[in-house]
Amino acid sequence: MSRRCNRRVPLAALIASGLLLAACGGGGGGGAGDTKTATGGKIDVNAYDPFRFDVKPINASPGPLTVTLHEKGSQEHTFTITSPKLEIKVTGAIPEATGTVTLAAGTYPFKCSIDAHAAGGMVGKIVVG
């Protein structure tokens, strides 16, 4: 009887480990680095504390792109494209802001321009094709 019990403990540990890894892995839960595709020239981006967007690459078609930035933390954040110029700012008091930029085919880096947020990983790119 004790042999059977000893076999169950390692199996239970293996199953628990697998469930833990599955819960922490990729999935579509808005983790940092998920790819999003603009639909109808519009995209929603969430800004979190500490220092991350819910998307790194954004796929878009050439033409106008409307970005809506949502504050999901308590700090101030921006969604900034240097050229062509676009900067949207959100705060705890103003948790949503929208801006539109017209993009030709190419790749456009974006970042949060608040202090060290970009250095902390709050960066990404828009791929227009």
# chains A, B, ... in the order shown; residues from 1 in each chain; ligands from 1

$ residues_around --residues "Thr37 (chain A)" --least-positions-apart "2" --cutoff "7 Å" --atoms "only C-alpha atoms" --output "PyMOL selection string"
chain A and resi 35+39+58-60

$ write_last_selection --atoms "N, CA and C atoms" --output "PDB file, in the first residue's frame"
ATOM      1  N   THR A  35       0.983  40.460 -29.911  1.00  0.00           N
ATOM      2  CA  THR A  35       0.785  41.199 -31.149  1.00  0.00           C
ATOM      3  C   THR A  35      -0.698  41.531 -31.283  1.00  0.00           C
ATOM      4  N   THR A  39      -7.941  47.170 -36.433  1.00  0.00           N
ATOM      5  CA  THR A  39      -9.141  46.818 -37.182  1.00  0.00           C
ATOM      6  C   THR A  39      -9.859  48.106 -37.559  1.00  0.00           C
ATOM      7  N   ILE A  58       2.369  46.084 -33.224  1.00  0.00           N
ATOM      8  CA  ILE A  58       1.019  46.365 -33.719  1.00  0.00           C
ATOM      9  C   ILE A  58       1.089  46.265 -35.236  1.00  0.00           C
ATOM     10  N   ASN A  59       0.212  45.504 -35.839  1.00  0.00           N
ATOM     11  CA  ASN A  59       0.112  45.428 -37.294  1.00  0.00           C
ATOM     12  C   ASN A  59      -1.005  46.355 -37.741  1.00  0.00           C
ATOM     13  N   ALA A  60      -0.721  47.146 -38.788  1.00  0.00           N
ATOM     14  CA  ALA A  60      -1.718  48.095 -39.282  1.00  0.00           C
ATOM     15  C   ALA A  60      -1.593  48.229 -40.788  1.00  0.00           C
TER      16      ALA A  60
END

$ residues_around --residues "region 112-126 of chain A" --least-positions-apart "6" --cutoff "6 Å" --atoms "only C-alpha atoms" --output "list in words"
Phe51, Arg52, Phe53, Lys56, Pro57, Ile58, Asn59, His77, Thr78, Phe79 and Thr80 of chain A

$ atom_distance --atom1 "CA of Gly41 (chain A)" --atom2 "CA of Thr66 (chain A)"
6.1 Å

$ select_by_dssp --residues "region 19-119 of chain A" --states "alpha helix (DSSP H)" --output "PDB file with C-alpha atoms, in the first residue's frame"
ATOM      1  CA  LEU A  19      -0.851  23.412 -14.489  1.00  0.00           C
ATOM      2  CA  LEU A  20       1.351  26.146 -13.018  1.00  0.00           C
ATOM      3  CA  LEU A  21       3.400  26.415 -16.210  1.00  0.00           C
ATOM      4  CA  ALA A  22       0.263  26.537 -18.336  1.00  0.00           C
ATOM      5  CA  ALA A  23      -1.166  29.331 -16.198  1.00  0.00           C
ATOM      6  CA  CYS A  24       2.035  31.385 -16.498  1.00  0.00           C
TER       7      CYS A  24
END
